[in-house]
Amino acid sequence: MRPPRTYAGTRTAVLHRGAVVATVPVALAALLAGAGPAGAATTGTPGVGDPYFPLSGNGGYHVGHYDLNLRYDPTGRRLDGKAVLTVRATQKLTRFNLDLNGLKVTALTVDNVKAGFRRSGQELIVSPPRALNRNQTFKVAVAYTGVPGPVIDPDGSKDGWIPTDDGAFVAGEPQGAMTWFPGNSHPKDKSSYDFTITVPQGRTAVANGVFLGQKTAGGRTTFRWRQTEPMAAYLATATVGKFKVEQYTTPSGIKVYNAVDPREAAASAAVLKKLPSVLEWEAKLFGPYPYRAAGAIVDRAPQVGYALETQTRPVYDRAPALSTLVHESAHQWFGDSVTLTSWKDIWLNEGFATYTEWLYAEQHGGPSAQKTFDERYATAADDALWSFPPADPGSGANIFARPVYDRGAMALHKLRTTTGDRAFFQILRTWAAQHRNGHGTTAQFTALAERVSGKDLDQLFRTWIGTKGKPSAP
Ligand code: ARG
Ligand code: ZN
């Protein structure tokens, strides 16, 4: 009855194109880390130890703030950037890595002094003029230029800087942030952001957080944005296009900024009107909306095939269905505010956002969540839905596949029917509150569920998120 989710095409690609790139050895990160046998390493690691994406993120430091200055020319597709990172060393550092894929670095300083650097694949390896001490705060400034493009994910989908006919669709899950700015590109590290983006007059550049203003001079317009609450790099956007802009403040004080491709305006108007009421409905279920800003970026980007919950302001590749708006909005709590520390835990994002769609339908004249559950359960035992456990997708090629979304949602429905509505919603609200603007793991979630409900839920979670194959009973 509701149109299929837009990532359906991608999802098929997942299952058929999988495995090829999926098994970069976990040991690689450790090998490249250069940690001496004595263990007193003074070089940051090239990854944070995520088995699915061993080179994503970097060890040895935390980025507190990104100040991104970008200029994009949609005709030549050239991006000129200057990124200033405010960083704190978490160990002594004679050398550290940033993630940056493609693009040419033209200058690099640490605390305003020229630093040595070299490139190795997606790693930008920085040698500061003098060693940085543990807990030292320093600024890294990187000037760069080039023609950015997306990365191809293990499932065959594209993410990162994806050019469109009038600009670029910018979405970085799971690894595309490195295609347009240097940084610590793993969700384990969350930071605040400032964006200053210059585009030809007539185009609009939309990023995360609060819109601070725009200025036009010499045929170019500069847009300024500020994301105050911590954000994972994959949730950053700087989407550029010809957009119709709408701004208002909701009754509860959230600043809304919508940017809509005029070609998608008619098809998206009715759904976008519901954004404040969707956020309000979700806030009733999950607790206060985590941010001061909200909105939507509705682009026309058929080559993308999915929407992304970019923080405060999801980016849609086309006019979204209401269920998609509900889904990306739910991610503001589950994924954006409460962020995973390892891609293996992706069901904490997608299972929760999908179950929110079921709940929305249930409370707005659609099928009950039980009915949706029953329909999914009727899926044949040899279907891909049962091909791996939601909490153990096995590789980066599977993180956006059906078991994560649908079986993840089924697991939450089982939790709800086992604990009762009262305890279930208490669990969700406590989860969102205790990990707000931070991180959460599957083990923390299951422990919380047991604590709040007072029930032993071992068997339930083992069956529904920890085991592959169709459970013998619904
Ligand atoms: N998190 C997005 C959603 O469920 C999907 C992102 C898919 N990304 C990708 N590279 N295939 O709405
Ligand atoms: Zn999602």
# chains A, B, ... in the order shown; residues from 1 in each chain; ligands from 1
>>> residues_around(residues="Asp374 of chain A", least_positions_apart="2", cutoff="12 Å", atoms="only C-alpha atoms", output="PDB file with C-alpha atoms, in the first residue's frame")
ATOM      1  CA  TRP A 358       5.378   0.320  11.440  1.00  0.00           C
ATOM      2  CA  PRO A 367      -2.032  -1.857   9.460  1.00  0.00           C
ATOM      3  CA  SER A 368      -1.089  -2.733  13.025  1.00  0.00           C
ATOM      4  CA  ALA A 369       2.566  -3.457  13.731  1.00  0.00           C
ATOM      5  CA  GLN A 370       1.454  -7.003  14.521  1.00  0.00           C
ATOM      6  CA  LYS A 371      -0.021  -7.319  11.045  1.00  0.00           C
ATOM      7  CA  THR A 372       3.177  -6.029   9.446  1.00  0.00           C
ATOM      8  CA  ARG A 376       7.120 -10.395   7.211  1.00  0.00           C
ATOM      9  CA  TYR A 377       7.098 -13.627   9.180  1.00  0.00           C
ATOM     10  CA  ALA A 378       5.194 -15.299   6.346  1.00  0.00           C
ATOM     11  CA  THR A 379       8.273 -14.801   4.160  1.00  0.00           C
ATOM     12  CA  ASP A 406      13.000  -5.775   8.493  1.00  0.00           C
ATOM     13  CA  ARG A 407      14.200  -8.462  10.850  1.00  0.00           C
ATOM     14  CA  ALA A 409      12.189  -4.211  13.228  1.00  0.00           C
ATOM     15  CA  MET A 410      10.710  -7.650  13.904  1.00  0.00           C
ATOM     16  CA  HIS A 413       8.224  -5.905  17.815  1.00  0.00           C
ATOM     17  CA  LYS A 414       8.985  -9.129  19.694  1.00  0.00           C
ATOM     18  CA  ALA A 473       7.877 -19.618  15.924  1.00  0.00           C
ATOM     19  CA  PRO A 474       6.724 -16.020  15.264  1.00  0.00           C
TER      20      PRO A 474
END
>>> residues_around(residues="segment 56-63 of chain A", least_positions_apart="6", cutoff="8 Å", atoms="only C-alpha atoms", output="PyMOL selection string")
chain A and resi 43-48+50+85-93+96-99+175+183-191
>>> residues_around(residues="Asp153 of chain A", least_positions_apart="5", cutoff="9 Å", atoms="only C-alpha atoms", output="PyMOL selection string")
chain A and resi 21+158-159+174-176+396-397
>>> residues_near_ligand(ligand="ligand 1", cutoff="7 Å", atoms="only C-alpha atoms and all ligand atoms", output="PyMOL selection string")
chain A and resi 7+10+153+157-159+173-174+306-309+327-328+350+400
>>> write_last_selection(atoms="N, CA and C atoms", output="short mmCIF file (atom, residue, chain, number, x, y, z; two decimals), in the first residue's frame")
data_model
loop_
_atom_site.label_atom_id
_atom_site.label_comp_id
_atom_site.auth_asym_id
_atom_site.auth_seq_id
_atom_site.Cartn_x
_atom_site.Cartn_y
_atom_site.Cartn_z
N TYR A 7 15.49 2.55 -1.27
CA TYR A 7 16.76 1.83 -1.35
C TYR A 7 16.57 0.42 -1.87
N THR A 10 18.99 -0.68 -4.48
CA THR A 10 20.32 -0.83 -3.92
C THR A 10 20.44 -2.15 -3.18
N ASP A 153 30.59 1.50 -2.50
CA ASP A 153 30.57 0.72 -1.28
C ASP A 153 30.64 -0.77 -1.58
N SER A 157 26.66 0.23 -3.92
CA SER A 157 26.03 1.55 -3.92
C SER A 157 27.09 2.64 -3.88
N LYS A 158 26.66 3.87 -4.17
CA LYS A 158 27.58 5.01 -4.16
C LYS A 158 27.33 5.84 -2.92
N ASP A 159 28.39 6.34 -2.30
CA ASP A 159 28.16 7.40 -1.32
C ASP A 159 29.32 8.36 -1.31
N GLU A 173 27.15 7.86 4.14
CA GLU A 173 27.07 6.60 4.86
C GLU A 173 27.36 5.41 3.95
N PRO A 174 28.26 4.54 4.30
CA PRO A 174 29.04 4.55 5.54
C PRO A 174 30.39 5.24 5.46
N TYR A 306 18.75 6.11 -2.79
CA TYR A 306 18.38 6.03 -1.37
C TYR A 306 18.33 7.43 -0.78
N ALA A 307 17.71 7.52 0.39
CA ALA A 307 17.71 8.76 1.17
C ALA A 307 18.66 8.54 2.33
N LEU A 308 19.15 9.64 2.93
CA LEU A 308 20.02 9.50 4.10
C LEU A 308 19.61 10.49 5.18
N GLU A 309 19.73 10.01 6.42
CA GLU A 309 19.32 10.78 7.59
C GLU A 309 20.36 11.81 7.99
N HIS A 327 10.86 7.48 8.52
CA HIS A 327 12.07 6.68 8.74
C HIS A 327 13.30 7.58 8.99
N GLU A 328 13.54 8.53 8.11
CA GLU A 328 14.72 9.38 8.26
C GLU A 328 14.60 10.27 9.50
N GLU A 350 18.84 1.00 11.66
CA GLU A 350 17.85 0.66 10.63
C GLU A 350 16.66 -0.13 11.16
N PHE A 400 23.14 -2.71 4.64
CA PHE A 400 21.85 -2.10 4.27
C PHE A 400 20.90 -3.13 3.66
#
>>> residues_near_ligand(ligand="ligand 2", cutoff="12 Å", atoms="only C-alpha atoms and all ligand atoms", output="PyMOL selection string")
chain A and resi 5-8+173-174+235+306-310+314-316+323-336+346-357+399-402+404-406+408-409
>>> residues_around(residues="Pro290 of chain A", least_positions_apart="6", cutoff="12 Å", atoms="only C-alpha atoms", output="ChimeraX atom specification")
/A:209,227-231,254,279-280,282-283,311-312,329-338,432-433,435-438
